[in-house]
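Some notes on the structure that comes next.
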Amino acid sequence: MNKTFRRTDLLWLAFTGLIALAPLVPAIGSNSFLMHVLILVMLYACMSQAWNIIGGYGGQTSFGHAVFFGIGAYGAGMAVVTYGLPPWPGALAGIVSAAVVAVLISYPCFKLSGHYFAIATFAIVEIFNRMFLVWDWVGGALGLDYMIVEEGFANLVWYDSKTGYFYCALTLFALIFGIVRFLEGHRFGYYLRAVRAGQETAESLGVNSTAVKLSAMALSAALAALCGAFFVQYNLRVDPAMVMSLDMSMKFVLVTILGGAGTLAGPLVGAAVLVPLQEFTRAKWGGLGGGVDLIIFGLLIILIVVKQPAGITGIVRDIAKRRGRKAAAEKGGASLGTA
Amino acid sequence: MALLEVRDVTKKFGELVANDRVSFTVEAGAIVGLIGPNGAGKTTLFNCASGLYPVTSGKIFFDGKEITGLPSWRIARMGAVRTFQVVRPLKDMTVYDNVLVGAFLHDANTARARAAAEESIRICGLSEFAGKVSGELPIGVKKRLELARALATRPRLLMLDEVMAGLTSTEVKTALELIRAIRKEGITLLIVEHIMEAIMPIADKVVVLDGGLKLAEGPPGEIIHDERVITAYLGEKFSRRMQARKEGKADG
């Protein structure tokens with residue numbers, strides 16, 4: 001049951017507080033590779049959590065989130081590179097555009113049942129990728145490269161230390177996970193899960209399923225765009241292949257499924273497993289030609305889907321359940337013994 | 001005034017006429033039974049009235065407003081809520097969360113919706129199952145969940161599609177008490193039912209369908225003597241048994 005306040009909320013707050021202290025530990029704060037991994041874990045957790053809204057809770061598998069992510073990245077990138085502004089107005093424009101694009105794509109698909117939505121979202125990645133490759137206004141195939149600007153929160157750029165980016169990622173994490181946690185306990189979250197579990201049933205109870213799915217999709221796309229804006233600020237460059245690719249889209253999906261779709265913790269667990277795996281294999285076996293991380297990741301996904309479709313959080317829940325049953329059985333046995 | 005009015009409703013599936021110019025009314029505050037043999041078109045009519053199917057022709061009014069062709073969620077929001085004959089729990093959600101989804105219809109506030117859901121769960125005797133995942137329940141409990149979920153929306157018209165089918169006789173008794181209690185709350189009921197002994201004593205009015213056509217409409221006392229209904233559906237034996245029971249009661 002999702003109580004308005006859960007004991008796990010305290011755990012989440014404690015966890016976020018603990019993470020906030022991490023850069024203060026010299027062994028972590030001065031290790032820029034470790035900081036980089038932590039930032040990416042938080043970013044991927046945020047991206048997957050954004051996807052989780054429509055894909056997990058809403059049960060509508062989207063393969064198009066790279067597009068929304070890319071629109072956010074280009075929004076911030078163009079504000080800085082093309083117009084010489086701080087990234088903020090561009091990020092905002094990107095967020096709004098991503099939500100609009102998401103609604104325009106989803107509206108016709110949600111009227112159909114079956115896999116049309118998944119297929120349509122798959123197609124838009126290719127469309128946007130090609131469009132951005134040849135579109136001069138957004139920098140074409142060369143993409144956008146950041147010039148040197150003043151460091152700090154106003155421009156959201158740091159050159160030497162990763163601490164600024166770290167706290168930005170943490171803020172993003174608190175924001176997106178906070179939003180999803182809030183929705184879980186309120187009407188919208190219940191309606192979203194009800195639509196996933198049975199659309200006709202939900203409608204018989206007064207749920208406008210099309211409106212619920214469209215809002216979820218718009219919110220999901222907007223948050224993915226916000227993550228994209230952070231991504232471009234962190235990399236200081238963007239081109240179509242970096243953001244608007246099926247590879248990128250798959251990461252949204254797979255990280256969430258690996259961790260556990262439709263759960264609050266799933267995206268964080270998935271990111272905490274995948275990102276270190278990706279970064280360490282890249283650092284260690286990068287010379288093999290790349291893709292080793294994807295091979296391992298692919299195997300992990302196959303294993304998960306076959307063994308426990310509810311992901312790592314599902315496995316943990318099963319173990320906890322079995323333990324509980326075992327404890328109950330032992331208790332029962334003990335009481336029999338005394339009798 | 002009639003809370004629900006079905007006017008000349010025809011529903012065809014290709015060549016098959018499931019409902020043929022059916023008209024009847026459900027008065028506010030009443031319990032109306034919709035009966036008939038298998039394939040008479042009861043559930044189809046229900047699906048038309050609740051917006052699940054579009055009608056082929058005819059009109060349906062709820063509280064004086066035309067609802068023909070409206071999507072089911074809109075009809076539910078107006079206060080006409082149904083249950084499903086083939087139970088449809090929101091499987092991966094708990095009983096409590098299922099009922100809460102219903103309760104959110106009349107109140108978006110989480111705390112108040114929770115209170116309404118808890119009340120509905122208690123009334124339907126589901127308290128011990130509240131935390132259970134609804135897909136894993138026995139059929140009797142799932143049927144009660146259908147009822148609890150619809151009740152939690154605080155409807156003005158509750159349309160029950162065979163909520164008593166497949167229940168044991170004790171369960172039927174409990175269900176009947178529940179239906180009476182719901183009516184006392186001021187909720188109008190339209191009930192599709194197969195078990196005659198269950199529906200006849202509680203209904204104010206019975207509508208009989210056969211082969212898509214309305215055969216008769218009237219108080220149960222008249223319906224059991226209606227020649228056409230007896231031949232089509234009830235059978236001589238049932239009619240005599242109901243009559244005997246009535247006279248027995250009058251004597252006592």
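Each chain of the structure tokens is named A, B, ... in the order shown, its residues numbered from 1; ligands are numbered from 1 in display order.
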Compute the set of chain B residues within 7 Å of chain A, using only C-alpha atoms, and express it as a PyMOL selection string.
-> chain B and resi 72-74+76-77+81-82+88+90-92+97+101-102+104-105+108+110+131+150
Can you pull out every residue within 9 Å of stretch 263-279 of chain A, counting only C-alpha atoms, but drop anything in the same chain fewer than 4 positions away, and send it as a PyMOL selection string?
-> chain A and resi 37-38+40-49+52+56-57+177+180-181+184+252+254-259+283-284+292-294+296-297+311-314
Taking C-alpha atoms for each residue, export the selection above as a PDB file, in the first residue's frame.
```pdb
ATOM      1  CA  VAL A  37      30.828   7.903 -12.375  1.00  0.00           C
ATOM      2  CA  LEU A  38      28.670   9.269  -9.546  1.00  0.00           C
ATOM      3  CA  LEU A  40      26.537   9.709 -14.527  1.00  0.00           C
ATOM      4  CA  VAL A  41      24.773   7.328 -12.124  1.00  0.00           C
ATOM      5  CA  MET A  42      22.581  10.199 -10.963  1.00  0.00           C
ATOM      6  CA  LEU A  43      21.976  11.418 -14.530  1.00  0.00           C
ATOM      7  CA  TYR A  44      21.019   7.953 -15.796  1.00  0.00           C
ATOM      8  CA  ALA A  45      18.837   7.397 -12.753  1.00  0.00           C
ATOM      9  CA  CYS A  46      17.037  10.659 -13.566  1.00  0.00           C
ATOM     10  CA  MET A  47      16.641   9.838 -17.253  1.00  0.00           C
ATOM     11  CA  SER A  48      15.248   6.407 -16.442  1.00  0.00           C
ATOM     12  CA  GLN A  49      12.960   7.790 -13.781  1.00  0.00           C
ATOM     13  CA  ASN A  52       9.535   5.275 -15.853  1.00  0.00           C
ATOM     14  CA  GLY A  56       6.875   1.885 -16.062  1.00  0.00           C
ATOM     15  CA  TYR A  57       3.900   3.300 -14.201  1.00  0.00           C
ATOM     16  CA  PHE A 177      12.571  11.391  -7.824  1.00  0.00           C
ATOM     17  CA  VAL A 180       7.596  10.707  -9.077  1.00  0.00           C
ATOM     18  CA  ARG A 181       7.305   9.943  -5.365  1.00  0.00           C
ATOM     19  CA  GLU A 184       2.861   7.742  -6.555  1.00  0.00           C
ATOM     20  CA  PHE A 252      16.255   4.801 -20.979  1.00  0.00           C
ATOM     21  CA  LEU A 254      16.915  -0.965 -20.335  1.00  0.00           C
ATOM     22  CA  VAL A 255      18.193   0.804 -17.217  1.00  0.00           C
ATOM     23  CA  THR A 256      14.611   0.991 -15.945  1.00  0.00           C
ATOM     24  CA  ILE A 257      13.782  -2.618 -16.807  1.00  0.00           C
ATOM     25  CA  LEU A 258      17.030  -3.851 -15.281  1.00  0.00           C
ATOM     26  CA  GLY A 259      16.285  -2.023 -12.042  1.00  0.00           C
ATOM     27  CA  ALA A 283      38.293   2.474 -19.221  1.00  0.00           C
ATOM     28  CA  LYS A 284      39.663  -1.082 -19.057  1.00  0.00           C
ATOM     29  CA  VAL A 292      32.089  -4.567 -24.436  1.00  0.00           C
ATOM     30  CA  ASP A 293      29.857  -2.802 -21.904  1.00  0.00           C
ATOM     31  CA  LEU A 294      26.883  -3.301 -24.198  1.00  0.00           C
ATOM     32  CA  ILE A 296      27.680  -7.473 -20.770  1.00  0.00           C
ATOM     33  CA  PHE A 297      24.650  -5.273 -20.417  1.00  0.00           C
ATOM     34  CA  GLY A 311      13.946  -6.432 -12.410  1.00  0.00           C
ATOM     35  CA  ILE A 312      16.468  -6.266  -9.598  1.00  0.00           C
ATOM     36  CA  THR A 313      13.967  -4.684  -7.203  1.00  0.00           C
ATOM     37  CA  GLY A 314      11.652  -7.603  -7.996  1.00  0.00           C
TER      38      GLY A 314
END
```
Could you find all residues in stretch 58-247 of chain B that DSSP calls strand (DSSP E or B) from the backbone, and write them as a VMD selection string?
-> chain B and resid 58 to 62 65 to 66 80 to 82 94 133 157 to 161 188 to 192 205 to 210 213 to 218
Mind writing the picked residues with C-alpha atoms as a CSV table (one decimal), in the first residue's frame?
```csv
chain,number,residue,atom,x,y,z
B,58,GLY,CA,-31.9,4.7,-30.1
B,59,LYS,CA,-31.1,7.0,-27.2
B,60,ILE,CA,-30.1,6.7,-23.6
B,61,PHE,CA,-30.7,9.4,-21.0
B,62,PHE,CA,-29.2,9.8,-17.5
B,65,LYS,CA,-29.3,14.4,-20.1
B,66,GLU,CA,-28.6,12.4,-23.2
B,80,ALA,CA,-23.6,6.0,-13.4
B,81,VAL,CA,-21.1,3.4,-12.5
B,82,ARG,CA,-21.1,-0.3,-13.4
B,94,THR,CA,-3.8,-4.4,-4.0
B,133,VAL,CA,-2.8,-8.2,-4.6
B,157,LEU,CA,-26.8,4.8,-10.3
B,158,LEU,CA,-25.1,1.5,-9.6
B,159,MET,CA,-25.3,-1.0,-12.4
B,160,LEU,CA,-24.5,-4.5,-11.2
B,161,ASP,CA,-23.8,-7.2,-13.8
B,188,THR,CA,-30.5,3.6,-7.4
B,189,LEU,CA,-29.7,0.1,-8.6
B,190,LEU,CA,-30.0,-1.6,-12.0
B,191,ILE,CA,-29.2,-5.3,-11.5
B,192,VAL,CA,-28.6,-8.0,-14.1
B,205,LYS,CA,-39.4,-3.5,-10.9
B,206,VAL,CA,-38.2,-6.2,-13.3
B,207,VAL,CA,-37.5,-5.9,-17.0
B,208,VAL,CA,-37.4,-9.1,-19.0
B,209,LEU,CA,-35.4,-9.5,-22.1
B,210,ASP,CA,-35.5,-12.4,-24.6
B,213,LEU,CA,-36.5,-7.9,-27.3
B,214,LYS,CA,-38.2,-6.6,-24.2
B,215,LEU,CA,-40.7,-9.2,-23.2
B,216,ALA,CA,-42.2,-7.5,-20.2
B,217,GLU,CA,-41.7,-4.8,-17.6
B,218,GLY,CA,-43.4,-4.5,-14.2
```
Residues at most 8 Å from B:Asp8, counting only C-alpha atoms, excluding those fewer than 3 positions away in the same chain, as a tab-separated table (two decimals) with C-alpha atoms, in the first residue's frame?
```tsv
chain	number	residue	atom	x	y	z
B	20	ASP	CA	-33.93	-4.79	-30.64
B	21	ARG	CA	-35.70	-1.48	-29.87
B	22	VAL	CA	-35.51	-1.94	-26.13
B	23	SER	CA	-37.07	0.77	-23.95
B	57	SER	CA	-29.78	3.33	-32.93
B	58	GLY	CA	-31.87	4.70	-30.09
B	59	LYS	CA	-31.12	7.00	-27.19
```
Would you list, as a VMD selection string, the residues of stretch 16-212 of chain B that end up in helix (DSSP H, G or I) under DSSP run on this structure's backbone?
-> chain B and resid 42 to 49 72 to 78 95 to 103 110 to 123 127 to 129 134 to 136 139 to 152 169 to 184 196 to 202
Write out, as a compact mmCIF listing (two decimals), in the first residue's frame, the residues just selected, with C-alpha atoms.
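So the final result, stored in out_14.txt, reads:
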```txt
# COMPACT_ATOMS: atom_id res chain seq x y z
CA LYS B 42 -28.64 -8.16 -20.92
CA THR B 43 -24.92 -7.55 -20.78
CA THR B 44 -24.95 -5.91 -24.22
CA LEU B 45 -27.57 -3.47 -22.99
CA PHE B 46 -25.41 -2.83 -19.94
CA ASN B 47 -22.41 -2.16 -22.13
CA CYS B 48 -24.43 0.28 -24.22
CA ALA B 49 -25.78 2.10 -21.17
CA SER B 72 -17.64 5.43 -20.42
CA TRP B 73 -15.45 7.60 -18.18
CA ARG B 74 -17.72 10.56 -18.82
CA ILE B 75 -20.83 8.56 -17.93
CA ALA B 76 -19.08 7.32 -14.79
CA ARG B 77 -18.26 10.91 -13.84
CA MET B 78 -21.93 11.83 -14.19
CA VAL B 95 -7.52 -4.55 -3.09
CA TYR B 96 -7.11 -1.28 -1.23
CA ASP B 97 -5.53 0.49 -4.21
CA ASN B 98 -8.24 -0.88 -6.53
CA VAL B 99 -10.95 0.63 -4.37
CA LEU B 100 -8.96 3.84 -3.96
CA VAL B 101 -8.94 4.33 -7.75
CA GLY B 102 -12.74 4.27 -7.56
CA ALA B 103 -12.82 6.59 -4.56
CA THR B 110 -5.95 11.70 -1.14
CA ALA B 111 -6.91 11.71 2.54
CA ARG B 112 -10.63 11.96 1.88
CA ALA B 113 -10.46 9.40 -0.94
CA ARG B 114 -8.70 7.03 1.46
CA ALA B 115 -11.46 7.45 4.01
CA ALA B 116 -14.09 6.69 1.34
CA ALA B 117 -12.13 3.66 0.13
CA GLU B 118 -11.78 2.30 3.68
CA GLU B 119 -15.50 2.70 4.28
CA SER B 120 -16.33 0.93 1.05
CA ILE B 121 -13.92 -1.90 1.89
CA ARG B 122 -15.50 -2.30 5.32
CA ILE B 123 -19.06 -2.31 3.98
CA SER B 127 -11.02 -5.58 5.34
CA GLU B 128 -8.98 -8.76 5.77
CA PHE B 129 -8.01 -8.70 2.08
CA SER B 134 -6.15 -8.37 -6.27
CA GLY B 135 -5.17 -10.78 -9.05
CA GLU B 136 -4.58 -13.58 -6.53
CA ILE B 139 -13.71 -15.43 -7.20
CA GLY B 140 -16.15 -14.54 -4.39
CA VAL B 141 -13.75 -11.92 -3.09
CA LYS B 142 -13.11 -10.57 -6.58
CA LYS B 143 -16.86 -10.12 -7.04
CA ARG B 144 -17.04 -8.15 -3.81
CA LEU B 145 -14.08 -6.10 -4.98
CA GLU B 146 -16.01 -5.17 -8.14
CA LEU B 147 -18.83 -3.95 -5.92
CA ALA B 148 -16.57 -2.15 -3.44
CA ARG B 149 -14.72 -0.34 -6.22
CA ALA B 150 -17.92 0.86 -7.89
CA LEU B 151 -19.43 1.82 -4.55
CA ALA B 152 -16.36 3.87 -3.62
CA SER B 169 -26.08 -19.40 -0.95
CA THR B 170 -24.67 -17.79 2.21
CA GLU B 171 -22.66 -15.39 0.07
CA VAL B 172 -25.80 -14.55 -1.90
CA LYS B 173 -27.60 -13.73 1.35
CA THR B 174 -24.80 -11.38 2.39
CA ALA B 175 -24.84 -9.79 -1.04
CA LEU B 176 -28.60 -9.20 -0.83
CA GLU B 177 -28.26 -7.51 2.55
CA LEU B 178 -25.52 -5.39 1.07
CA ILE B 179 -27.69 -4.35 -1.88
CA ARG B 180 -30.52 -3.37 0.47
CA ALA B 181 -28.09 -1.32 2.54
CA ILE B 182 -26.81 0.41 -0.61
CA ARG B 183 -30.36 1.34 -1.61
CA LYS B 184 -30.94 2.82 1.85
CA MET B 196 -34.41 -15.48 -9.70
CA GLU B 197 -34.75 -16.19 -5.99
CA ALA B 198 -32.20 -13.46 -5.39
CA ILE B 199 -33.58 -10.70 -7.56
CA MET B 200 -37.35 -11.14 -7.22
CA PRO B 201 -37.65 -10.32 -3.48
CA ILE B 202 -35.56 -7.15 -3.63
```
